[in-house]
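> First, the structure itself, so that you have it in front of you.
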Amino acid sequence: MQSNRDVRRIADLLHHGIFLFDSVGIDAPQTEAELVVTHCLELSRTDLYLRAQEQISRVQADRCLAMMQRRSENEPLAYITGEREFWSYTFNVSPAVLIPRPETEILIERVLAARDCSNAGGGYLDLCCGSGVIAIVLALELDVEVIGVDISRPALKVCRSNCARHGVEQRVHLVQGDLASCFAENEQFSLITCNPPYVSSSEMAAGMQPEVAKYEPILALDGGPGGLNHISRVIATFSRLLAPGGYFFMEIGAGQGGAVKELLARSDSDDLYASIDIIKDYSGRDRVVEVRKNDQY
Ligand code: GLN
């Protein structure tokens, strides 16, 4: 590897990053190096190669090298840059919130496809709102008001900054609380969305990438021994808050569809639900549960 002093051109930065990331076993070292350099120098990806021989200042080089060092220690790029794209909008992120995942866009697609959810006559509620991606995208796409709930005050702070970034402070109302415990019995919503923590303790212990295990908030990931602790609490309470004909969408873990259906069947004493569907993601894994409440309840 070159010494930092030898990094004088854009091409040197890229080479430094690729070599560093490869040496510590980061997946896709070239793409990661390109992302750091494009972010740092505010360049497009094509510029990186068209302008590869251009000189950069010492300050620019040092700033970019410091970011590369952090990335080489497995810190996710989104926390280093403080941003992540979701549904083609850019959101602020910090280690207080989960980094938005592309799979969560499937939940948004399903909500937008369920056009008649606004007919049920109640407001929109997003539980475990985190950085606010679901609540804010729905407020923007459907021009509606949404209540976002999260137990974590630091997460709500990030969410508030995203509401301001996207100009929806007047439409997304934030509440600190444990799931739906802050709502009265008679409160009714026509749409409830939720992306709860659903990773099981054994997955937490064994299978997570260092980027997730070392940096992302455990509070937003850990779903207890079977991963279903929060999911089962949400299932036990959402239907009393759902207006007749209303919709409920919850993100779930790969392979949790069967257990989630069973939990729903147990809570469905009198034909409460008109439909229950498990939606798979693009890798064919269970990802979203979609429930429609009967019109009569
Ligand atoms: N999809 C995330 C992961 O596997 C988990 C998100 C969640 O628990 N809500 O890292």
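Each chain in the structure tokens gets a letter, A, B and so on, in the order shown; residues start at 1 in every chain, and ligands are counted from 1 in the order they appear.
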Within 8 Å of Cys64 (chain A), counting only C-alpha atoms, which residues qualify if same-chain residues fewer than 3 places away don't, as a ChimeraX atom specification?
/A:13,36-37,40,60-61,67-68
> Check which residues fall inside 6 Å of ligand 1 when counting only C-alpha atoms and all ligand atoms, and print them as a PyMOL selection string.
chain A and resi 195-199+220-221
> Got a sec to tell me which of region 43-271 of chain A DSSP assigns to strand (DSSP E or B), as JSON, numbers by chain?
{"A": [55, 83, 84, 85, 86, 89, 90, 91, 92, 123, 124, 125, 126, 127, 146, 147, 148, 149, 150, 172, 173, 174, 175, 176, 189, 190, 191, 192, 193, 194, 199, 222, 242, 243, 244, 245, 246, 247, 248, 249, 250, 251]}
> Could you pull the residues within 12 Å of Gly284 (chain A), counting only C-alpha atoms, minus those fewer than 6 positions along the same chain, as a list in words?
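Non-adjacent residues within range: Glu103, Gly253, Ala254, Gly255, Gly257 and Ile278 of chain A.
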> Which of these, A:Val172, A:Ala78, A:Leu35, A:Ala11, has the shortest distance to Leu140 (chain A) once you count only C-alpha atoms?
A:Val172
> Region 205-276 of chain A: which residues are alpha helix (DSSP H) by DSSP, as a VMD selection string?
chain A and resid 205 to 206 210 to 215 229 to 241 257 to 267
> Could you check which of A:Cys194, A:Ala139, A:Val97, A:Leu14 is closest to Gly167 (chain A), using only C-alpha atoms?
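Between A:Cys194, A:Ala139, A:Val97, A:Leu14, the residue approaching Gly167 (chain A) most closely is A:Ala139.
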> For Asp27 (chain A), list every protein, DNA or RNA residue within 12 Å, evaluated using only C-alpha atoms, and leave out those in the same chain fewer than 3 positions away; present the list as a PDB file with all heavy atoms, in the first residue's frame.

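Below is the file that was written, part10.pdb:
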ATOM      1  N   ILE A  18      -9.135   0.335  -2.562  1.00  0.00           N
ATOM      2  CA  ILE A  18      -9.361  -1.037  -3.031  1.00  0.00           C
ATOM      3  C   ILE A  18      -8.401  -1.987  -2.304  1.00  0.00           C
ATOM      4  O   ILE A  18      -8.791  -3.035  -1.793  1.00  0.00           O
ATOM      5  CB  ILE A  18      -9.174  -1.129  -4.569  1.00  0.00           C
ATOM      6  CG1 ILE A  18     -10.257  -0.305  -5.268  1.00  0.00           C
ATOM      7  CG2 ILE A  18      -9.215  -2.585  -5.040  1.00  0.00           C
ATOM      8  CD1 ILE A  18     -10.012  -0.063  -6.758  1.00  0.00           C
ATOM      9  N   LEU A  20      -6.805  -1.503   0.578  1.00  0.00           N
ATOM     10  CA  LEU A  20      -7.098  -1.563   2.020  1.00  0.00           C
ATOM     11  C   LEU A  20      -8.317  -2.462   2.288  1.00  0.00           C
ATOM     12  O   LEU A  20      -8.271  -3.349   3.148  1.00  0.00           O
ATOM     13  CB  LEU A  20      -7.368  -0.146   2.535  1.00  0.00           C
ATOM     14  CG  LEU A  20      -7.788   0.002   3.992  1.00  0.00           C
ATOM     15  CD1 LEU A  20      -6.655  -0.422   4.927  1.00  0.00           C
ATOM     16  CD2 LEU A  20      -8.189   1.449   4.307  1.00  0.00           C
ATOM     17  N   PHE A  21      -9.397  -2.253   1.542  1.00  0.00           N
ATOM     18  CA  PHE A  21     -10.629  -3.009   1.782  1.00  0.00           C
ATOM     19  C   PHE A  21     -10.420  -4.489   1.467  1.00  0.00           C
ATOM     20  O   PHE A  21     -10.905  -5.368   2.183  1.00  0.00           O
ATOM     21  CB  PHE A  21     -11.803  -2.445   0.970  1.00  0.00           C
ATOM     22  CG  PHE A  21     -12.189  -1.037   1.359  1.00  0.00           C
ATOM     23  CD1 PHE A  21     -12.874  -0.201   0.478  1.00  0.00           C
ATOM     24  CD2 PHE A  21     -11.871  -0.539   2.616  1.00  0.00           C
ATOM     25  CE1 PHE A  21     -13.232   1.082   0.846  1.00  0.00           C
ATOM     26  CE2 PHE A  21     -12.218   0.752   2.993  1.00  0.00           C
ATOM     27  CZ  PHE A  21     -12.894   1.566   2.102  1.00  0.00           C
ATOM     28  N   ASP A  22      -9.669  -4.750   0.387  1.00  0.00           N
ATOM     29  CA  ASP A  22      -9.396  -6.141   0.022  1.00  0.00           C
ATOM     30  C   ASP A  22      -8.582  -6.820   1.134  1.00  0.00           C
ATOM     31  O   ASP A  22      -8.869  -7.949   1.528  1.00  0.00           O
ATOM     32  CB  ASP A  22      -8.625  -6.152  -1.305  1.00  0.00           C
ATOM     33  CG  ASP A  22      -8.588  -7.539  -1.898  1.00  0.00           C
ATOM     34  OD1 ASP A  22      -9.632  -8.211  -1.850  1.00  0.00           O
ATOM     35  OD2 ASP A  22      -7.517  -7.950  -2.384  1.00  0.00           O
ATOM     36  N   SER A  23      -7.617  -6.082   1.686  1.00  0.00           N
ATOM     37  CA  SER A  23      -6.721  -6.697   2.684  1.00  0.00           C
ATOM     38  C   SER A  23      -7.452  -7.046   3.989  1.00  0.00           C
ATOM     39  O   SER A  23      -7.014  -7.920   4.726  1.00  0.00           O
ATOM     40  CB  SER A  23      -5.519  -5.786   2.972  1.00  0.00           C
ATOM     41  OG  SER A  23      -5.958  -4.658   3.684  1.00  0.00           O
ATOM     42  N   VAL A  24      -8.559  -6.355   4.282  1.00  0.00           N
ATOM     43  CA  VAL A  24      -9.289  -6.682   5.526  1.00  0.00           C
ATOM     44  C   VAL A  24     -10.545  -7.510   5.254  1.00  0.00           C
ATOM     45  O   VAL A  24     -11.353  -7.749   6.157  1.00  0.00           O
ATOM     46  CB  VAL A  24      -9.664  -5.410   6.335  1.00  0.00           C
ATOM     47  CG1 VAL A  24      -8.425  -4.680   6.814  1.00  0.00           C
ATOM     48  CG2 VAL A  24     -10.570  -4.481   5.524  1.00  0.00           C
ATOM     49  N   GLN A  30     -13.763  -2.822  -4.621  1.00  0.00           N
ATOM     50  CA  GLN A  30     -13.719  -1.740  -5.619  1.00  0.00           C
ATOM     51  C   GLN A  30     -14.954  -0.836  -5.507  1.00  0.00           C
ATOM     52  O   GLN A  30     -14.832   0.388  -5.478  1.00  0.00           O
ATOM     53  CB  GLN A  30     -13.621  -2.323  -7.030  1.00  0.00           C
ATOM     54  CG  GLN A  30     -13.679  -1.239  -8.076  1.00  0.00           C
ATOM     55  CD  GLN A  30     -12.972  -1.598  -9.360  1.00  0.00           C
ATOM     56  OE1 GLN A  30     -12.299  -2.618  -9.441  1.00  0.00           O
ATOM     57  NE2 GLN A  30     -13.117  -0.754 -10.357  1.00  0.00           N
ATOM     58  N   THR A  31     -16.129  -1.457  -5.421  1.00  0.00           N
ATOM     59  CA  THR A  31     -17.364  -0.660  -5.301  1.00  0.00           C
ATOM     60  C   THR A  31     -17.320   0.191  -4.038  1.00  0.00           C
ATOM     61  O   THR A  31     -17.685   1.372  -4.052  1.00  0.00           O
ATOM     62  CB  THR A  31     -18.588  -1.604  -5.235  1.00  0.00           C
ATOM     63  OG1 THR A  31     -18.469  -2.531  -6.297  1.00  0.00           O
ATOM     64  CG2 THR A  31     -19.889  -0.866  -5.315  1.00  0.00           C
ATOM     65  N   GLU A  32     -16.874  -0.398  -2.939  1.00  0.00           N
ATOM     66  CA  GLU A  32     -16.834   0.345  -1.665  1.00  0.00           C
ATOM     67  C   GLU A  32     -15.877   1.533  -1.774  1.00  0.00           C
ATOM     68  O   GLU A  32     -16.170   2.630  -1.291  1.00  0.00           O
ATOM     69  CB  GLU A  32     -16.389  -0.574  -0.521  1.00  0.00           C
ATOM     70  CG  GLU A  32     -17.402  -1.653  -0.189  1.00  0.00           C
ATOM     71  CD  GLU A  32     -18.519  -1.179   0.750  1.00  0.00           C
ATOM     72  OE1 GLU A  32     -18.436  -0.076   1.311  1.00  0.00           O
ATOM     73  OE2 GLU A  32     -19.484  -1.950   0.917  1.00  0.00           O
ATOM     74  N   ALA A  33     -14.711   1.296  -2.419  1.00  0.00           N
ATOM     75  CA  ALA A  33     -13.743   2.396  -2.561  1.00  0.00           C
ATOM     76  C   ALA A  33     -14.335   3.491  -3.443  1.00  0.00           C
ATOM     77  O   ALA A  33     -14.206   4.688  -3.141  1.00  0.00           O
ATOM     78  CB  ALA A  33     -12.441   1.866  -3.161  1.00  0.00           C
ATOM     79  N   ARG A  71     -14.146   2.682   7.357  1.00  0.00           N
ATOM     80  CA  ARG A  71     -14.848   1.615   6.618  1.00  0.00           C
ATOM     81  C   ARG A  71     -14.092   0.291   6.742  1.00  0.00           C
ATOM     82  O   ARG A  71     -14.684  -0.777   6.832  1.00  0.00           O
ATOM     83  CB  ARG A  71     -15.003   2.028   5.139  1.00  0.00           C
ATOM     84  CG  ARG A  71     -15.778   1.033   4.291  1.00  0.00           C
ATOM     85  CD  ARG A  71     -17.242   1.001   4.668  1.00  0.00           C
ATOM     86  NE  ARG A  71     -17.930  -0.165   4.127  1.00  0.00           N
ATOM     87  CZ  ARG A  71     -18.078  -1.328   4.765  1.00  0.00           C
ATOM     88  NH1 ARG A  71     -17.587  -1.501   6.000  1.00  0.00           N
ATOM     89  NH2 ARG A  71     -18.716  -2.336   4.215  1.00  0.00           N
ATOM     90  N   SER A  72     -12.740   0.382   6.772  1.00  0.00           N
ATOM     91  CA  SER A  72     -11.932  -0.856   6.860  1.00  0.00           C
ATOM     92  C   SER A  72     -12.096  -1.530   8.227  1.00  0.00           C
ATOM     93  O   SER A  72     -11.803  -2.702   8.387  1.00  0.00           O
ATOM     94  CB  SER A  72     -10.457  -0.565   6.590  1.00  0.00           C
ATOM     95  OG  SER A  72      -9.878   0.068   7.717  1.00  0.00           O
ATOM     96  N   ASN A  74     -14.966  -1.978   9.458  1.00  0.00           N
ATOM     97  CA  ASN A  74     -16.325  -2.514   9.317  1.00  0.00           C
ATOM     98  C   ASN A  74     -17.452  -1.532   9.632  1.00  0.00           C
ATOM     99  O   ASN A  74     -18.613  -1.919   9.669  1.00  0.00           O
ATOM    100  CB  ASN A  74     -16.542  -3.790  10.145  1.00  0.00           C
ATOM    101  CG  ASN A  74     -15.684  -4.924   9.665  1.00  0.00           C
ATOM    102  OD1 ASN A  74     -14.834  -5.417  10.400  1.00  0.00           O
ATOM    103  ND2 ASN A  74     -15.874  -5.322   8.432  1.00  0.00           N
ATOM    104  N   PRO A  76     -20.325   0.716   8.852  1.00  0.00           N
ATOM    105  CA  PRO A  76     -21.093   0.825   7.615  1.00  0.00           C
ATOM    106  C   PRO A  76     -20.920   2.203   6.964  1.00  0.00           C
ATOM    107  O   PRO A  76     -20.868   3.221   7.663  1.00  0.00           O
ATOM    108  CB  PRO A  76     -22.544   0.635   8.066  1.00  0.00           C
ATOM    109  CG  PRO A  76     -22.469  -0.003   9.406  1.00  0.00           C
ATOM    110  CD  PRO A  76     -21.189   0.472  10.020  1.00  0.00           C
ATOM    111  N   GLN A 209     -23.171 -10.013  10.005  1.00  0.00           N
ATOM    112  CA  GLN A 209     -21.950  -9.378   9.485  1.00  0.00           C
ATOM    113  C   GLN A 209     -21.419  -8.418  10.554  1.00  0.00           C
ATOM    114  O   GLN A 209     -22.216  -7.818  11.284  1.00  0.00           O
ATOM    115  CB  GLN A 209     -22.296  -8.535   8.262  1.00  0.00           C
ATOM    116  CG  GLN A 209     -22.717  -9.333   7.061  1.00  0.00           C
ATOM    117  CD  GLN A 209     -23.160  -8.375   5.971  1.00  0.00           C
ATOM    118  OE1 GLN A 209     -24.074  -7.572   6.176  1.00  0.00           O
ATOM    119  NE2 GLN A 209     -22.505  -8.444   4.838  1.00  0.00           N
ATOM    120  N   PRO A 210     -20.084  -8.225  10.584  1.00  0.00           N
ATOM    121  CA  PRO A 210     -19.547  -7.299  11.603  1.00  0.00           C
ATOM    122  C   PRO A 210     -20.121  -5.894  11.476  1.00  0.00           C
ATOM    123  O   PRO A 210     -20.281  -5.200  12.473  1.00  0.00           O
ATOM    124  CB  PRO A 210     -18.033  -7.311  11.351  1.00  0.00           C
ATOM    125  CG  PRO A 210     -17.825  -8.043  10.068  1.00  0.00           C
ATOM    126  CD  PRO A 210     -19.039  -8.861   9.793  1.00  0.00           C
ATOM    127  N   GLU A 211     -20.474  -5.485  10.246  1.00  0.00           N
ATOM    128  CA  GLU A 211     -21.061  -4.149  10.052  1.00  0.00           C
ATOM    129  C   GLU A 211     -22.328  -4.002  10.897  1.00  0.00           C
ATOM    130  O   GLU A 211     -22.577  -2.959  11.488  1.00  0.00           O
ATOM    131  CB  GLU A 211     -21.455  -3.937   8.574  1.00  0.00           C
ATOM    132  CG  GLU A 211     -20.333  -3.517   7.657  1.00  0.00           C
ATOM    133  CD  GLU A 211     -19.435  -4.670   7.235  1.00  0.00           C
ATOM    134  OE1 GLU A 211     -19.626  -5.802   7.719  1.00  0.00           O
ATOM    135  OE2 GLU A 211     -18.514  -4.426   6.426  1.00  0.00           O
TER     136      GLU A 211
END
> For region 85-93 of chain A, find every residue with an atom within 12 Å (counting only C-alpha atoms), except residues of its own chain fewer than 3 positions away, and show them as a ChimeraX atom specification.
/A:76-82,96-109,130-134,136-138,140-141,154-166,216-217
> Print the selection's residues with N, CA and C atoms to a file, as a tab-separated table (two decimals), in the first residue's frame.

chain	number	residue	atom	x	y	z
A	76	PRO	N	-20.32	0.72	8.85
A	76	PRO	CA	-21.09	0.82	7.61
A	76	PRO	C	-20.92	2.20	6.96
A	77	LEU	N	-20.88	2.21	5.65
A	77	LEU	CA	-20.69	3.47	4.93
A	77	LEU	C	-21.78	4.48	5.29
A	78	ALA	N	-23.01	3.98	5.48
A	78	ALA	CA	-24.13	4.91	5.79
A	78	ALA	C	-23.87	5.69	7.09
A	79	TYR	N	-23.23	5.06	8.07
A	79	TYR	CA	-22.93	5.79	9.31
A	79	TYR	C	-21.76	6.77	9.11
A	80	ILE	N	-20.85	6.41	8.21
A	80	ILE	CA	-19.70	7.29	7.95
A	80	ILE	C	-20.18	8.55	7.20
A	81	THR	N	-21.04	8.33	6.21
A	81	THR	CA	-21.52	9.49	5.44
A	81	THR	C	-22.71	10.16	6.12
A	82	GLY	N	-23.38	9.42	7.03
A	82	GLY	CA	-24.55	9.97	7.73
A	82	GLY	C	-25.82	9.94	6.90
A	96	ALA	N	-27.99	5.46	16.09
A	96	ALA	CA	-29.22	5.36	16.89
A	96	ALA	C	-30.32	4.66	16.12
A	97	VAL	N	-30.16	4.52	14.80
A	97	VAL	CA	-31.22	3.90	13.99
A	97	VAL	C	-30.64	2.83	13.08
A	98	LEU	N	-31.52	1.88	12.74
A	98	LEU	CA	-31.17	0.87	11.76
A	98	LEU	C	-30.96	1.56	10.41
A	99	ILE	N	-30.00	1.08	9.64
A	99	ILE	CA	-29.83	1.61	8.28
A	99	ILE	C	-30.97	1.04	7.43
A	100	PRO	N	-31.72	1.90	6.73
A	100	PRO	CA	-32.84	1.37	5.94
A	100	PRO	C	-32.38	0.31	4.94
A	101	ARG	N	-33.16	-0.77	4.86
A	101	ARG	CA	-32.82	-1.88	3.96
A	101	ARG	C	-33.70	-1.83	2.71
A	102	PRO	N	-33.17	-2.25	1.57
A	102	PRO	CA	-34.00	-2.26	0.37
A	102	PRO	C	-35.25	-3.14	0.51
A	103	GLU	N	-35.16	-4.21	1.33
A	103	GLU	CA	-36.33	-5.10	1.49
A	103	GLU	C	-37.55	-4.34	2.02
A	104	THR	N	-37.30	-3.30	2.80
A	104	THR	CA	-38.42	-2.56	3.40
A	104	THR	C	-39.22	-1.83	2.32
A	105	GLU	N	-38.60	-1.63	1.15
A	105	GLU	CA	-39.34	-1.00	0.05
A	105	GLU	C	-40.49	-1.90	-0.42
A	106	ILE	N	-40.38	-3.21	-0.17
A	106	ILE	CA	-41.47	-4.13	-0.53
A	106	ILE	C	-42.72	-3.79	0.29
A	107	LEU	N	-42.51	-3.47	1.56
A	107	LEU	CA	-43.65	-3.07	2.41
A	107	LEU	C	-44.30	-1.81	1.84
A	108	ILE	N	-43.49	-0.85	1.44
A	108	ILE	CA	-44.03	0.40	0.86
A	108	ILE	C	-44.83	0.08	-0.41
A	109	GLU	N	-44.25	-0.76	-1.27
A	109	GLU	CA	-44.96	-1.13	-2.52
A	109	GLU	C	-46.33	-1.71	-2.22
A	130	GLY	N	-38.23	4.25	13.89
A	130	GLY	CA	-36.78	4.41	13.66
A	130	GLY	C	-36.46	5.71	12.95
A	131	SER	N	-35.68	5.64	11.87
A	131	SER	CA	-35.29	6.85	11.14
A	131	SER	C	-36.47	7.51	10.44
A	132	GLY	N	-37.59	6.79	10.36
A	132	GLY	CA	-38.81	7.39	9.81
A	132	GLY	C	-39.06	7.08	8.34
A	133	VAL	N	-38.28	6.16	7.76
A	133	VAL	CA	-38.41	5.96	6.31
A	133	VAL	C	-39.83	5.59	5.90
A	134	ILE	N	-40.49	4.69	6.64
A	134	ILE	CA	-41.83	4.25	6.21
A	134	ILE	C	-42.81	5.41	6.37
A	136	ILE	N	-42.36	8.61	6.58
A	136	ILE	CA	-42.10	9.79	5.73
A	136	ILE	C	-42.41	9.49	4.27
A	137	VAL	N	-42.04	8.30	3.79
A	137	VAL	CA	-42.36	7.97	2.39
A	137	VAL	C	-43.87	7.93	2.20
A	138	LEU	N	-44.61	7.37	3.16
A	138	LEU	CA	-46.07	7.33	3.01
A	138	LEU	C	-46.66	8.74	3.04
A	140	LEU	N	-45.21	11.40	2.06
A	140	LEU	CA	-44.87	12.06	0.80
A	140	LEU	C	-45.66	11.48	-0.38
A	141	GLU	N	-45.74	10.16	-0.44
A	141	GLU	CA	-46.36	9.53	-1.62
A	141	GLU	C	-47.88	9.63	-1.60
A	154	PRO	N	-33.35	8.77	21.07
A	154	PRO	CA	-32.34	9.13	20.07
A	154	PRO	C	-32.79	8.79	18.64
A	155	ALA	N	-33.55	7.69	18.47
A	155	ALA	CA	-34.06	7.37	17.13
A	155	ALA	C	-35.06	8.42	16.68
A	156	LEU	N	-35.93	8.86	17.61
A	156	LEU	CA	-36.93	9.87	17.24
A	156	LEU	C	-36.27	11.19	16.84
A	157	LYS	N	-35.10	11.45	17.44
A	157	LYS	CA	-34.38	12.68	17.07
A	157	LYS	C	-33.94	12.61	15.59
A	158	VAL	N	-33.44	11.43	15.20
A	158	VAL	CA	-33.03	11.25	13.80
A	158	VAL	C	-34.27	11.36	12.91
A	159	CYS	N	-35.38	10.74	13.35
A	159	CYS	CA	-36.62	10.77	12.59
A	159	CYS	C	-37.08	12.22	12.40
A	160	ARG	N	-36.99	13.01	13.46
A	160	ARG	CA	-37.41	14.41	13.38
A	160	ARG	C	-36.56	15.16	12.34
A	161	SER	N	-35.26	14.86	12.31
A	161	SER	CA	-34.39	15.55	11.33
A	161	SER	C	-34.78	15.14	9.91
A	162	ASN	N	-35.23	13.90	9.75
A	162	ASN	CA	-35.67	13.47	8.41
A	162	ASN	C	-36.99	14.10	8.01
A	163	CYS	N	-37.88	14.30	8.99
A	163	CYS	CA	-39.15	14.98	8.69
A	163	CYS	C	-38.84	16.39	8.18
A	164	ALA	N	-37.88	17.06	8.84
A	164	ALA	CA	-37.52	18.41	8.43
A	164	ALA	C	-36.86	18.37	7.05
A	165	ARG	N	-36.00	17.40	6.83
A	165	ARG	CA	-35.29	17.29	5.55
A	165	ARG	C	-36.26	17.13	4.39
A	166	HIS	N	-37.38	16.45	4.65
A	166	HIS	CA	-38.35	16.20	3.58
A	166	HIS	C	-39.61	17.06	3.69
A	216	GLU	N	-24.81	-1.50	14.39
A	216	GLU	CA	-26.23	-1.14	14.34
A	216	GLU	C	-26.90	-1.36	15.71
A	217	PRO	N	-27.97	-0.60	16.00
A	217	PRO	CA	-28.55	-0.65	17.36
A	217	PRO	C	-29.23	-1.99	17.66
> Taking only C-alpha atoms into account, name the residue in A:Gln296, A:Ser152, A:Ser283, A:Ser267 that is nearest to Pro95 (chain A).
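Ranked by minimum distance to Pro95 (chain A), first place goes to A:Ser152.
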> Using only C-alpha atoms, which of A:Glu185, A:Asp126, A:Glu251, A:Asp281 sits nearest Ser239 (chain A)?
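So, comparing all the options, the nearest one is A:Glu185.
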> So the first atom is CA of Ala114 (chain A) and the second is CA of Val260 (chain A); what is the distance between them in Å, to one decimal place?
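According to the coordinates, CA of Ala114 (chain A) and CA of Val260 (chain A) are separated by 20.6 Å.
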> Give me the residues near Ser190 (chain A) as a VMD selection string, where near means some atom within 12 Å (using only C-alpha atoms) and where sequence neighbours in that chain fewer than 6 positions away do not count.
chain A and resid 111 114 to 126 144 to 147 238 to 249 291 to 295
> One number please: CA of Asp150 (chain A) to CA of Ser200 (chain A), in Å, one decimal.
20.1 Å
> Ranking A:Leu127, A:Val168, A:Leu272, A:Ala205 by minimum distance to Gly148 (chain A) and counting only C-alpha atoms, which one comes first?
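Counting only C-alpha atoms, the residue closest to Gly148 (chain A) is A:Leu127.
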